[in-house]
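Below is protein-v9.tsv, holding TSV, C-alpha atoms and all ligand atoms.
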```tsv
chain	number	residue	atom	x	y	z
Q	1	MET	CA	52.72	-49.85	38.21
Q	2	THR	CA	48.97	-50.32	38.34
Q	3	LYS	CA	47.14	-47.21	39.56
Q	4	THR	CA	44.09	-47.46	41.77
Q	5	ILE	CA	41.18	-45.22	40.90
Q	6	ALA	CA	38.43	-44.83	43.48
Q	7	ILE	CA	35.00	-44.69	41.86
Q	8	LEU	CA	32.41	-42.84	43.95
Q	9	PRO	CA	29.13	-42.55	42.00
Q	10	GLY	CA	27.07	-40.86	44.74
Q	11	ASP	CA	23.44	-39.94	44.21
Q	12	GLY	CA	20.84	-38.89	41.63
Q	13	ILE	CA	22.40	-38.86	38.17
Q	14	GLY	CA	25.78	-39.66	39.77
Q	15	PRO	CA	25.61	-43.43	39.12
Q	16	GLU	CA	24.33	-42.88	35.55
Q	17	ILE	CA	27.09	-40.51	34.47
Q	18	VAL	CA	29.84	-42.37	36.34
Q	19	THR	CA	28.83	-45.61	34.57
Q	20	GLU	CA	29.60	-43.91	31.26
Q	21	ALA	CA	32.90	-42.51	32.52
Q	22	VAL	CA	33.89	-45.95	33.81
Q	23	LYS	CA	33.21	-47.39	30.33
Q	24	VAL	CA	35.74	-44.87	29.03
Q	25	LEU	CA	38.32	-45.88	31.65
Q	26	GLU	CA	37.75	-49.57	30.86
Q	27	THR	CA	38.23	-48.87	27.17
Q	28	LEU	CA	41.55	-47.19	27.91
Q	29	ARG	CA	42.55	-50.16	30.06
Q	30	ASP	CA	41.57	-52.75	27.43
Q	31	LYS	CA	42.57	-51.00	24.22
Q	32	PHE	CA	45.47	-48.80	25.31
Q	33	SER	CA	46.81	-51.08	28.11
Q	34	LEU	CA	46.35	-48.39	30.74
Q	35	ALA	CA	47.34	-50.09	34.01
Q	36	ILE	CA	44.44	-49.20	36.28
Q	37	HIS	CA	42.44	-50.91	38.96
Q	38	LEU	CA	38.97	-49.50	39.69
Q	39	GLU	CA	37.56	-49.75	43.19
Q	40	SER	CA	34.08	-48.48	44.07
Q	41	GLY	CA	32.94	-46.79	47.26
Q	42	LEU	CA	29.89	-45.18	48.79
Q	43	VAL	CA	29.56	-41.45	49.35
Q	44	GLY	CA	26.76	-38.98	50.01
Q	45	GLY	CA	23.16	-40.10	50.34
Q	46	ALA	CA	23.94	-43.63	49.13
Q	47	ALA	CA	26.45	-43.92	51.97
Q	48	ILE	CA	23.98	-42.50	54.51
Q	49	ASP	CA	21.41	-45.10	53.48
Q	50	ALA	CA	23.92	-47.94	53.78
Q	51	THR	CA	25.97	-46.85	56.80
Q	52	GLY	CA	24.44	-43.77	58.40
Q	53	SER	CA	27.38	-41.58	57.40
Q	54	PRO	CA	27.88	-39.51	54.19
Q	55	LEU	CA	31.60	-40.34	54.29
Q	56	PRO	CA	32.12	-43.78	55.82
Q	57	PRO	CA	35.67	-44.63	57.04
Q	58	ALA	CA	36.00	-47.29	54.31
Q	59	THR	CA	35.38	-44.67	51.61
Q	60	LEU	CA	37.81	-42.19	53.15
Q	61	ASP	CA	40.41	-44.94	53.41
Q	62	LEU	CA	39.85	-45.91	49.75
Q	63	ALA	CA	40.10	-42.28	48.63
Q	64	LYS	CA	43.32	-41.78	50.60
Q	65	ARG	CA	45.09	-44.86	49.26
Q	66	ALA	CA	43.84	-44.45	45.69
Q	67	ASP	CA	45.98	-42.62	43.14
Q	68	ALA	CA	42.94	-40.63	42.05
Q	69	VAL	CA	39.23	-40.37	42.77
Q	70	LEU	CA	36.37	-40.09	40.28
Q	71	LEU	CA	33.16	-38.78	41.81
Q	72	GLY	CA	29.68	-38.33	40.34
Q	73	ALA	CA	27.55	-36.06	42.52
Q	74	VAL	CA	25.87	-36.15	45.91
Q	75	GLY	CA	22.65	-34.96	47.47
Q	76	GLY	CA	18.96	-34.89	46.74
Q	77	PRO	CA	15.52	-34.29	48.24
Q	78	LYS	CA	15.54	-37.65	50.05
Q	79	TRP	CA	18.13	-36.35	52.52
Q	80	GLU	CA	17.08	-32.68	52.79
Q	81	SER	CA	15.23	-33.20	56.09
Q	82	LEU	CA	18.42	-34.44	57.80
Q	83	ASP	CA	20.45	-32.13	60.01
Q	84	ILE	CA	22.76	-30.14	57.73
Q	85	SER	CA	25.82	-31.56	59.52
Q	86	ILE	CA	25.09	-35.08	58.31
Q	87	ARG	CA	23.71	-34.47	54.83
Q	88	PRO	CA	25.22	-36.00	51.66
Q	89	GLU	CA	27.02	-32.74	50.81
Q	90	LYS	CA	29.07	-33.08	54.01
Q	91	GLY	CA	30.57	-36.25	52.55
Q	92	LEU	CA	31.86	-34.30	49.57
Q	93	LEU	CA	33.20	-31.43	51.68
Q	94	GLY	CA	34.77	-34.01	54.00
Q	95	LEU	CA	36.61	-35.66	51.11
Q	96	ARG	CA	37.87	-32.29	49.87
Q	97	SER	CA	39.19	-31.27	53.29
Q	98	GLU	CA	40.52	-34.69	54.37
Q	99	LEU	CA	42.40	-35.09	51.08
Q	100	LYS	CA	43.57	-31.45	51.28
Q	101	LEU	CA	42.23	-30.73	47.79
Q	102	PHE	CA	42.62	-26.97	47.97
Q	103	ALA	CA	42.90	-26.26	44.23
Q	104	ASN	CA	39.80	-26.74	42.12
Q	105	LEU	CA	40.42	-26.27	38.39
Q	106	ARG	CA	37.29	-25.66	36.33
Q	107	PRO	CA	37.98	-25.18	32.63
Q	108	VAL	CA	35.23	-23.32	30.81
Q	109	VAL	CA	35.79	-24.31	27.21
Q	110	LEU	CA	33.34	-23.99	24.35
Q	111	PHE	CA	33.40	-26.81	21.85
Q	112	PRO	CA	32.86	-25.00	18.51
Q	113	GLU	CA	30.07	-27.46	17.66
Q	114	LEU	CA	28.08	-26.14	20.64
Q	115	ALA	CA	28.27	-22.43	19.78
Q	116	SER	CA	24.55	-22.24	19.07
Q	117	ALA	CA	23.75	-23.98	22.38
Q	118	SER	CA	25.48	-21.20	24.34
Q	119	THR	CA	23.28	-18.63	26.06
Q	120	LEU	CA	25.41	-15.94	24.39
Q	121	LYS	CA	25.70	-15.09	20.72
Q	122	PRO	CA	28.15	-17.34	18.82
Q	123	GLU	CA	30.45	-14.39	18.01
Q	124	VAL	CA	30.71	-13.48	21.72
Q	125	VAL	CA	31.76	-16.99	22.76
Q	126	ALA	CA	33.67	-18.29	19.73
Q	127	GLY	CA	36.99	-19.69	20.95
Q	128	LEU	CA	36.04	-19.31	24.61
Q	129	ASP	CA	38.67	-20.89	26.89
Q	130	ILE	CA	38.74	-19.75	30.52
Q	131	LEU	CA	40.22	-21.53	33.51
Q	132	ILE	CA	38.50	-20.86	36.83
Q	133	VAL	CA	40.83	-21.65	39.74
Q	134	ARG	CA	38.61	-21.98	42.79
Q	135	GLU	CA	39.98	-22.25	46.32
Q	136	LEU	CA	38.28	-25.37	47.70
Q	137	THR	CA	39.01	-26.00	51.37
Q	138	GLY	CA	38.51	-22.61	53.01
Q	139	ASP	CA	35.99	-19.76	53.03
Q	140	ILE	CA	32.50	-19.75	54.42
Q	141	TYR	CA	31.96	-23.45	53.57
Q	142	PHE	CA	34.43	-24.42	56.29
Q	143	GLY	CA	34.75	-21.34	58.54
Q	144	GLN	CA	34.06	-21.45	62.28
Q	145	PRO	CA	31.90	-20.47	64.10
Q	146	ARG	CA	28.89	-21.80	62.27
Q	147	GLY	CA	25.45	-23.06	63.15
Q	148	ILE	CA	21.97	-21.95	64.12
Q	149	ARG	CA	21.55	-20.69	67.69
Q	150	THR	CA	18.72	-19.21	69.71
Q	151	LEU	CA	19.26	-15.70	71.02
Q	152	GLU	CA	18.11	-14.47	74.45
Q	153	THR	CA	15.14	-12.87	72.71
Q	154	GLY	CA	14.07	-16.31	71.53
Q	155	GLU	CA	14.85	-15.43	67.94
Q	156	LYS	CA	17.03	-17.83	65.98
Q	157	GLN	CA	20.27	-16.70	64.37
Q	158	GLY	CA	22.16	-18.47	61.59
Q	159	ILE	CA	25.94	-18.03	61.50
Q	160	ASN	CA	28.59	-18.78	58.90
Q	161	THR	CA	32.03	-17.30	58.90
Q	162	LEU	CA	34.23	-16.33	55.96
Q	163	VAL	CA	37.80	-17.13	56.99
Q	164	TYR	CA	41.02	-17.11	54.96
Q	165	THR	CA	44.57	-17.30	56.20
Q	166	GLU	CA	47.54	-15.90	54.26
Q	167	SER	CA	48.97	-19.35	53.56
Q	168	GLU	CA	45.66	-20.60	52.15
Q	169	ILE	CA	45.49	-17.62	49.80
Q	170	GLU	CA	49.13	-17.83	48.81
Q	171	ARG	CA	49.03	-21.50	47.78
Q	172	ILE	CA	45.95	-21.10	45.57
Q	173	ALA	CA	47.40	-17.90	44.09
Q	174	ARG	CA	50.56	-19.80	43.13
Q	175	VAL	CA	48.49	-22.49	41.38
Q	176	ALA	CA	46.66	-19.77	39.46
Q	177	PHE	CA	49.77	-17.82	38.49
Q	178	ALA	CA	51.53	-21.02	37.37
Q	179	SER	CA	48.48	-21.92	35.25
Q	180	ALA	CA	48.39	-18.43	33.74
Q	181	GLU	CA	52.09	-18.70	32.88
Q	182	GLN	CA	51.24	-21.74	30.75
Q	183	ARG	CA	48.31	-19.98	29.05
Q	184	GLN	CA	47.67	-16.38	27.94
Q	185	LYS	CA	49.51	-14.93	30.98
Q	186	LYS	CA	46.45	-13.06	32.22
Q	187	LEU	CA	45.12	-13.60	35.72
Q	188	CYS	CA	42.01	-11.93	37.12
Q	189	SER	CA	41.58	-12.27	40.88
Q	190	VAL	CA	37.93	-12.03	41.88
Q	191	ASP	CA	36.98	-10.89	45.38
Q	192	LYS	CA	34.72	-8.57	47.34
Q	193	ALA	CA	37.53	-6.58	48.91
Q	194	ASN	CA	35.39	-3.46	49.14
Q	195	VAL	CA	33.31	-4.97	51.94
Q	196	LEU	CA	34.81	-8.28	53.14
Q	197	GLU	CA	38.03	-8.13	55.17
Q	198	ALA	CA	38.93	-11.75	54.41
Q	199	THR	CA	38.94	-10.91	50.72
Q	200	GLU	CA	40.82	-7.64	51.30
Q	201	LEU	CA	43.53	-9.92	52.70
Q	202	TRP	CA	43.00	-12.13	49.60
Q	203	ARG	CA	43.73	-9.14	47.36
Q	204	GLN	CA	46.84	-8.15	49.34
Q	205	VAL	CA	48.29	-11.66	49.26
Q	206	VAL	CA	47.54	-12.23	45.56
Q	207	THR	CA	49.22	-8.88	44.79
Q	208	ARG	CA	52.29	-9.86	46.84
Q	209	VAL	CA	52.55	-13.28	45.16
Q	210	SER	CA	52.33	-11.61	41.73
Q	211	ARG	CA	55.89	-10.31	42.19
Q	212	ASP	CA	57.11	-13.88	41.69
Q	213	TYR	CA	55.31	-14.12	38.34
Q	214	PRO	CA	56.40	-10.99	36.45
Q	215	THR	CA	55.24	-12.26	33.05
Q	216	VAL	CA	51.63	-12.62	34.23
Q	217	GLN	CA	49.38	-9.58	34.00
Q	218	LEU	CA	47.31	-9.44	37.20
Q	219	THR	CA	43.98	-7.63	37.49
Q	220	HIS	CA	41.44	-7.54	40.32
Q	221	MET	CA	37.68	-7.49	39.98
Q	222	TYR	CA	34.79	-7.45	42.42
Q	223	VAL	CA	32.64	-10.55	42.15
Q	224	ASP	CA	29.44	-8.72	41.22
Q	225	ASN	CA	31.18	-7.08	38.28
Q	226	ALA	CA	32.86	-10.41	37.37
Q	227	ALA	CA	29.45	-12.10	37.10
Q	228	MET	CA	28.30	-9.33	34.80
Q	229	GLN	CA	31.50	-9.34	32.71
Q	230	LEU	CA	31.28	-13.12	32.25
Q	231	VAL	CA	27.98	-12.77	30.44
Q	232	ARG	CA	28.91	-9.48	28.70
Q	233	ALA	CA	32.36	-10.21	27.29
Q	234	PRO	CA	33.68	-13.54	28.61
Q	235	LYS	CA	36.69	-13.67	26.31
Q	236	GLN	CA	38.37	-10.88	28.29
Q	237	PHE	CA	39.26	-13.61	30.83
Q	238	ASP	CA	42.09	-16.13	30.66
Q	239	VAL	CA	42.54	-17.45	34.23
Q	240	ILE	CA	40.24	-16.42	37.07
Q	241	VAL	CA	41.31	-17.13	40.66
Q	242	THR	CA	38.71	-16.80	43.33
Q	243	THR	CA	37.37	-17.95	46.68
Q	244	ASN	CA	35.45	-21.13	47.36
Q	245	MET	CA	31.95	-19.68	47.28
Q	246	PHE	CA	32.50	-17.16	44.49
Q	247	GLY	CA	34.13	-19.89	42.38
Q	248	ASP	CA	31.21	-22.21	43.03
Q	249	ILE	CA	28.71	-19.64	41.82
Q	250	LEU	CA	30.70	-18.17	38.94
Q	251	SER	CA	31.47	-21.58	37.47
Q	252	ASP	CA	27.80	-22.60	37.30
Q	253	LEU	CA	27.13	-19.27	35.63
Q	254	ALA	CA	30.02	-19.69	33.20
Q	255	SER	CA	28.88	-23.19	32.28
Q	256	GLN	CA	25.99	-21.72	30.34
Q	257	LEU	CA	28.43	-20.04	27.98
Q	258	THR	CA	29.52	-23.52	26.86
Q	259	GLY	CA	25.99	-24.79	26.30
Q	260	SER	CA	25.31	-26.66	29.51
Q	261	ILE	CA	26.45	-27.39	33.02
Q	262	GLY	CA	26.67	-30.95	31.72
Q	263	MET	CA	29.82	-29.96	29.80
Q	264	LEU	CA	32.09	-28.71	32.61
Q	265	PRO	CA	34.59	-31.06	34.25
Q	266	SER	CA	36.79	-30.31	37.22
Q	267	ALA	CA	39.96	-31.39	38.98
Q	268	SER	CA	40.44	-30.88	42.71
Q	269	LEU	CA	44.13	-31.17	43.50
Q	270	ASP	CA	46.34	-31.31	46.56
Q	271	ALA	CA	49.90	-30.00	46.73
Q	272	ASN	CA	51.19	-33.12	44.90
Q	273	ASN	CA	48.55	-33.36	42.16
Q	274	LYS	CA	46.76	-36.19	43.89
Q	275	GLY	CA	43.27	-35.44	42.77
Q	276	MET	CA	39.57	-35.94	42.83
Q	277	TYR	CA	37.73	-35.46	39.55
Q	278	GLU	CA	34.07	-34.62	39.17
Q	279	PRO	CA	31.65	-32.73	36.95
Q	280	ILE	CA	30.84	-29.30	38.36
Q	281	HIS	CA	27.14	-30.03	38.49
Q	282	GLY	CA	25.10	-31.69	41.21
Q	283	SER	CA	22.93	-34.78	41.37
Q	284	ALA	CA	20.16	-33.26	39.19
Q	285	PRO	CA	17.22	-34.90	40.98
Q	286	ASP	CA	14.84	-33.52	38.35
Q	287	ILE	CA	16.25	-35.84	35.67
Q	288	ALA	CA	17.74	-38.64	37.79
Q	289	GLY	CA	16.99	-42.22	36.78
Q	290	GLN	CA	15.73	-41.20	33.33
Q	291	ASN	CA	18.83	-41.80	31.21
Q	292	LEU	CA	18.74	-38.12	30.19
Q	293	ALA	CA	21.80	-36.63	31.90
Q	294	ASN	CA	24.75	-35.44	29.86
Q	295	PRO	CA	27.73	-37.64	30.81
Q	296	LEU	CA	30.32	-35.51	28.97
Q	297	ALA	CA	31.35	-33.40	31.98
Q	298	THR	CA	32.18	-36.62	33.83
Q	299	ILE	CA	33.94	-38.14	30.82
Q	300	LEU	CA	35.95	-34.91	30.43
Q	301	SER	CA	36.77	-35.18	34.15
Q	302	VAL	CA	38.36	-38.55	33.34
Q	303	ALA	CA	40.51	-36.68	30.80
Q	304	MET	CA	41.60	-34.31	33.58
Q	305	LEU	CA	42.36	-37.31	35.81
Q	306	LEU	CA	44.63	-38.74	33.15
Q	307	ARG	CA	46.34	-35.40	32.60
Q	308	TYR	CA	46.95	-34.37	36.21
Q	309	SER	CA	47.12	-37.55	38.29
Q	310	LEU	CA	48.25	-40.27	35.86
Q	311	ASN	CA	50.47	-38.07	33.68
Q	312	ARG	CA	48.90	-39.48	30.50
Q	313	VAL	CA	48.37	-36.36	28.42
Q	314	ASP	CA	48.14	-38.57	25.33
Q	315	LEU	CA	45.08	-40.41	26.65
Q	316	ALA	CA	43.53	-37.21	28.00
Q	317	THR	CA	43.79	-35.74	24.53
Q	318	ALA	CA	42.33	-38.91	23.03
Q	319	ILE	CA	39.22	-38.57	25.21
Q	320	GLU	CA	38.81	-34.88	24.37
Q	321	ARG	CA	39.18	-35.74	20.67
Q	322	ALA	CA	36.56	-38.48	20.98
Q	323	VAL	CA	34.12	-36.06	22.63
Q	324	ARG	CA	34.70	-33.56	19.85
Q	325	GLN	CA	34.10	-36.24	17.21
Q	326	VAL	CA	30.83	-37.28	18.81
Q	327	LEU	CA	29.65	-33.66	18.80
Q	328	GLN	CA	30.82	-33.26	15.21
Q	329	ALA	CA	28.73	-36.31	14.32
Q	330	GLY	CA	25.70	-34.38	15.60
Q	331	LEU	CA	24.96	-36.35	18.76
Q	332	ARG	CA	23.38	-34.29	21.54
Q	333	THR	CA	21.87	-34.99	24.92
Q	334	ARG	CA	18.89	-32.72	25.26
Q	335	ASP	CA	20.67	-30.10	27.42
Q	336	ILE	CA	23.01	-29.15	24.55
Q	337	LEU	CA	20.56	-28.78	21.72
Q	338	GLY	CA	21.24	-25.66	19.69
Q	339	ASP	CA	19.99	-24.53	16.30
Q	340	GLY	CA	20.20	-27.26	13.68
Q	341	GLN	CA	19.48	-30.91	13.04
Q	342	TYR	CA	20.86	-33.26	15.66
Q	343	THR	CA	20.48	-36.80	16.87
Q	344	VAL	CA	19.14	-36.60	20.41
Q	345	VAL	CA	20.71	-39.34	22.51
Q	346	THR	CA	20.43	-40.74	26.01
Q	347	THR	CA	23.12	-40.80	28.68
Q	348	ARG	CA	24.07	-44.36	27.73
Q	349	GLU	CA	24.08	-43.68	23.99
Q	350	MET	CA	26.36	-40.67	24.49
Q	351	GLY	CA	28.78	-42.77	26.56
Q	352	ASP	CA	28.70	-45.57	23.98
Q	353	ALA	CA	29.42	-43.09	21.19
Q	354	VAL	CA	32.49	-41.70	22.99
Q	355	VAL	CA	33.74	-45.25	23.61
Q	356	ALA	CA	33.20	-46.13	19.92
Q	357	GLN	CA	35.24	-43.07	18.86
Q	358	LEU	CA	38.01	-43.99	21.29
Q	359	ARG	CA	38.13	-47.55	19.96
Q	360	ALA	CA	38.35	-46.21	16.41
Q	361	GLN	CA	41.36	-43.96	17.19
A	1	LIG	N1	29.37	-31.78	43.44
A	1	LIG	C1	28.20	-32.16	43.91
A	1	LIG	O1	28.01	-33.30	44.29
A	1	LIG	C2	27.09	-31.18	43.95
A	1	LIG	C3	25.94	-31.52	44.58
A	1	LIG	N2	24.88	-30.68	44.54
A	1	LIG	C4	23.64	-31.21	45.12
A	1	LIG	O2	22.84	-31.69	44.04
A	1	LIG	C5	21.44	-31.54	44.37
A	1	LIG	C6	20.72	-30.79	43.27
A	1	LIG	O3	21.23	-29.47	43.22
A	1	LIG	P1	20.81	-28.40	42.13
A	1	LIG	O4	20.91	-27.08	42.76
A	1	LIG	O5	19.53	-28.80	41.48
A	1	LIG	O6	21.99	-28.43	41.03
A	1	LIG	P2	22.30	-29.47	39.87
A	1	LIG	O7	23.60	-29.09	39.29
A	1	LIG	O8	22.15	-30.86	40.36
A	1	LIG	O9	21.15	-29.23	38.77
A	1	LIG	C7	20.86	-27.93	38.25
A	1	LIG	C8	20.14	-28.06	36.91
A	1	LIG	O10	21.10	-28.52	35.94
A	1	LIG	C9	20.67	-29.72	35.34
A	1	LIG	N3	21.82	-30.60	35.17
A	1	LIG	C10	22.81	-30.83	36.05
A	1	LIG	N4	23.68	-31.73	35.59
A	1	LIG	C11	23.24	-32.08	34.37
A	1	LIG	C12	23.71	-32.99	33.39
A	1	LIG	N5	24.82	-33.71	33.54
A	1	LIG	N6	23.00	-33.10	32.24
A	1	LIG	C13	21.90	-32.38	32.04
A	1	LIG	N7	21.39	-31.50	32.92
A	1	LIG	C14	22.06	-31.37	34.09
A	1	LIG	C15	19.65	-30.33	36.31
A	1	LIG	O11	18.76	-31.18	35.64
A	1	LIG	C16	19.03	-29.08	36.91
A	1	LIG	O12	17.97	-28.64	36.10
A	1	LIG	C17	21.43	-30.83	45.73
A	1	LIG	O13	21.27	-31.80	46.71
A	1	LIG	C18	22.80	-30.18	45.82
A	1	LIG	O14	23.23	-29.97	47.13
A	1	LIG	C19	24.90	-29.49	43.88
A	1	LIG	C20	26.05	-29.10	43.26
A	1	LIG	C21	27.25	-29.89	43.27
A	2	LIG	C1	28.24	-29.31	48.05
A	2	LIG	C2	28.57	-28.13	47.16
A	2	LIG	C3	29.53	-27.20	47.81
A	2	LIG	C4	29.10	-28.63	45.89
A	2	LIG	C5	29.13	-27.62	44.81
A	2	LIG	O1	28.18	-26.95	44.51
A	2	LIG	C6	30.34	-27.49	44.05
A	2	LIG	O2	31.40	-27.90	44.49
A	2	LIG	O3	30.28	-26.92	42.95
A	3	MG	MG	28.50	-25.85	42.69
```
Turn the structure described in the file into structure tokens.
Ligand SMILES: NC(=O)C1=CN([C@@H]2O[C@H](COP(=O)(O)OP(=O)(O)OC[C@H]3O[C@@H](n4cnc5c(N)ncnc54)[C@H](O)[C@@H]3O)[C@@H](O)[C@H]2O)C=CC1
Ligand SMILES: CC(C)CC(=O)C(=O)O
Ligand SMILES: [Mg+2]
Amino acid sequence: MTKTIAILPGDGIGPEIVTEAVKVLETLRDKFSLAIHLESGLVGGAAIDATGSPLPPATLDLAKRADAVLLGAVGGPKWESLDISIRPEKGLLGLRSELKLFANLRPVVLFPELASASTLKPEVVAGLDILIVRELTGDIYFGQPRGIRTLETGEKQGINTLVYTESEIERIARVAFASAEQRQKKLCSVDKANVLEATELWRQVVTRVSRDYPTVQLTHMYVDNAAMQLVRAPKQFDVIVTTNMFGDILSDLASQLTGSIGMLPSASLDANNKGMYEPIHGSAPDIAGQNLANPLATILSVAMLLRYSLNRVDLATAIERAVRQVLQAGLRTRDILGDGQYTVVTTREMGDAVVAQLRAQ
């Protein structure tokens, strides 16, 4: 049966990188007879400009009926003067909560060809393969109360609330333990249980759930130490499970171990593996519209889409192989330049090269 994929390019570099990822999907449709139907929608600032809302009902409806969603990125300076409750980023958070995408998988994998582009020494990152499992629909990003209010003194006060319920923690813990079972059987739960009650509960629940996964070795680490350990000795980690905000921050940090934030894809899944797929980076206003952005994180997100939502591990592997071949051939967008002689390419040229490798397979 033909699968519908919602294509939501968003803002900034979003349309540029999604164009390249769509070329990959179209190649799979045309060459490998993948039965897909692509349907585009507006989200973020582009949607605000067209409709006044960062998540118009038509987009939410498309995302809900689609079998999977591919998203670029949202946000940018153009919309920063708007009230925070109606900014582009609210469209993204709205999609995540409306679709119940509580499990965000962020693989941090170093392609061997990019070892010299890593911020760490090649020997410290060689073979790096971490999976960050980030809770995505709770925490301070969604907690109530929130807002900016004026106190009796006339002073303003900003409020955000870190909230987690046991069931929210348990379901993300189960995703993380199940992932660890399939990998090196090591799970590190990252929290701030020494000072934050919500994450003390996190630690208690993760510990309780661990009894159902006796083959997985569970450790706990405070987030400040985890940030330090990630740049000191990242290969000590296999799977990391953490809260929404800590996962957001740690994954940007970890991206530098792989050469660039332009290399990290993600899958945001609900309880039935219905998913939204997006690079972990934002709309990169500083390079938007210049054909400079690295499209590989988005193309690798298509691979995750095929693996998790369309059950086509073969095609997911084909994309990952094509990316590897392009890097082996020495092609680099400028964010992944390391030591050596490379061919510096544009966003479009990188996408074309991946498509050419796929066609040749
Ligand atoms: N998922 C999403 O849609 C996200 C949206 N944002 C939004 O994006 C806007 C910009 O946020 P920033 O903090 O600047 O983060 P950002 O991730 O957009 O950019 C940070 C830095 O990384 C570079 N970069 C990002 N993606 C790249 C790529 N594919 N290739 C090469 N270089 C790349 C940018 O040029 C910039 O120097 C804001 O409005 C923010 O709210 C931020 C993060 C995630
Ligand atoms: C709007 C932000 C929460 C998006 C982001 O930074 C992320 O999901 O990594
Ligand atoms: Mg982020």
Using all atoms listed in the file, find each protein or nucleic acid residue lying at most 9 Å from ligand LIG 1 (chain A); present the set as a CSV table (one decimal) with C-alpha atoms, in the coordinates of the input.
```csv
chain,number,residue,atom,x,y,z
Q,10,GLY,CA,27.1,-40.9,44.7
Q,11,ASP,CA,23.4,-39.9,44.2
Q,12,GLY,CA,20.8,-38.9,41.6
Q,13,ILE,CA,22.4,-38.9,38.2
Q,14,GLY,CA,25.8,-39.7,39.8
Q,17,ILE,CA,27.1,-40.5,34.5
Q,44,GLY,CA,26.8,-39.0,50.0
Q,71,LEU,CA,33.2,-38.8,41.8
Q,72,GLY,CA,29.7,-38.3,40.3
Q,73,ALA,CA,27.6,-36.1,42.5
Q,74,VAL,CA,25.9,-36.2,45.9
Q,75,GLY,CA,22.6,-35.0,47.5
Q,76,GLY,CA,19.0,-34.9,46.7
Q,77,PRO,CA,15.5,-34.3,48.2
Q,78,LYS,CA,15.5,-37.6,50.0
Q,79,TRP,CA,18.1,-36.4,52.5
Q,80,GLU,CA,17.1,-32.7,52.8
Q,87,ARG,CA,23.7,-34.5,54.8
Q,88,PRO,CA,25.2,-36.0,51.7
Q,89,GLU,CA,27.0,-32.7,50.8
Q,92,LEU,CA,31.9,-34.3,49.6
Q,248,ASP,CA,31.2,-22.2,43.0
Q,252,ASP,CA,27.8,-22.6,37.3
Q,260,SER,CA,25.3,-26.7,29.5
Q,261,ILE,CA,26.4,-27.4,33.0
Q,262,GLY,CA,26.7,-31.0,31.7
Q,263,MET,CA,29.8,-30.0,29.8
Q,264,LEU,CA,32.1,-28.7,32.6
Q,278,GLU,CA,34.1,-34.6,39.2
Q,279,PRO,CA,31.6,-32.7,37.0
Q,280,ILE,CA,30.8,-29.3,38.4
Q,281,HIS,CA,27.1,-30.0,38.5
Q,282,GLY,CA,25.1,-31.7,41.2
Q,283,SER,CA,22.9,-34.8,41.4
Q,284,ALA,CA,20.2,-33.3,39.2
Q,285,PRO,CA,17.2,-34.9,41.0
Q,286,ASP,CA,14.8,-33.5,38.4
Q,287,ILE,CA,16.2,-35.8,35.7
Q,288,ALA,CA,17.7,-38.6,37.8
Q,292,LEU,CA,18.7,-38.1,30.2
Q,293,ALA,CA,21.8,-36.6,31.9
Q,294,ASN,CA,24.8,-35.4,29.9
Q,295,PRO,CA,27.7,-37.6,30.8
Q,296,LEU,CA,30.3,-35.5,29.0
Q,297,ALA,CA,31.4,-33.4,32.0
Q,298,THR,CA,32.2,-36.6,33.8
Q,333,THR,CA,21.9,-35.0,24.9
Q,334,ARG,CA,18.9,-32.7,25.3
Q,335,ASP,CA,20.7,-30.1,27.4
Q,336,ILE,CA,23.0,-29.2,24.6
Q,347,THR,CA,23.1,-40.8,28.7
```
### Query
From the set Q:Leu253, Q:Ala47, Q:Ile319, Q:Leu131, which residue has the shortest atom-to-atom contact distance to ligand MG 3 (chain A), counting all atoms listed in the file?
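Ranking Q:Leu253, Q:Ala47, Q:Ile319, Q:Leu131 by distance to ligand MG 3 (chain A), first place goes to Q:Leu253.
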### Query
Rounded to one decimal in Å, what is the spacing between CA of Ala115 (chain Q) and CA of Ile249 (chain Q)?
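If I compute the distance from CA of Ala115 (chain Q) to CA of Ile249 (chain Q), I get 22.2 Å.
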### Nearest-residue call for ligand LIG 2 (chain A), choices Q:Asn194, Q:Ser97, Q:Ser116, Q:Thr4, using only C-alpha atoms and all ligand atoms
Q:Ser97
### Shortest interatomic distance to ligand MG 3 (chain A) - which of Q:Gln144, Q:Ser53, Q:Ser251, Q:Ser81, counting all atoms listed in the file
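Ranked by minimum distance to ligand MG 3 (chain A), first place goes to Q:Ser251.
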Once 6 Å is added on each side, what are the centre and the three edge lengths, in Å to one decimal, of the axis-aligned box enclosing the listed atoms of ligand LIG 2 (chain A)? Present them as JSON.
```
{"center_x": 29.8, "center_y": -28.1, "center_z": 45.5, "size_x": 15.2, "size_y": 14.4, "size_z": 17.1}
```
### Pick from Q:Phe246, Q:Phe237, Q:Phe102, Q:Phe177, whichever lies nearest to ligand MG 3 (chain A) using all atoms listed in the file
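Ranked by minimum distance to ligand MG 3 (chain A), first place goes to Q:Phe246.
The interatomic distance for the pair CA of Ile84 (chain Q) and CA of Ile148 (chain Q) works out to 10.4 Å.
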### Task
For CA of Val125 (chain Q) and CA of Pro112 (chain Q), quote the distance in Å rounded to one decimal.
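Separation between CA of Val125 (chain Q) and CA of Pro112 (chain Q): 9.1 Å.
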### Query
Counting only C-alpha atoms, what is within 9 Å of Thr215 (chain Q), bar same-chain residues fewer than 4 positions away, as a list in words?
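Result of the neighbour search: Glu181, Lys185 and Lys186 of chain Q.
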### Query
Neighbours of Gln236 (chain Q) within 10 Å (all atoms listed in the file; same-chain residues fewer than 6 positions away dropped), as a PyMOL selection string?
chain Q and resi 128+130+186+188+229-230
### Task
Tell me which of Q:Glu20, Q:Thr51, Q:Ile86, Q:Gly127 sits closest to Leu257 (chain Q), counting only C-alpha atoms.
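Of Q:Glu20, Q:Thr51, Q:Ile86, Q:Gly127, the one nearest Leu257 (chain Q), counting only C-alpha atoms, is Q:Gly127.
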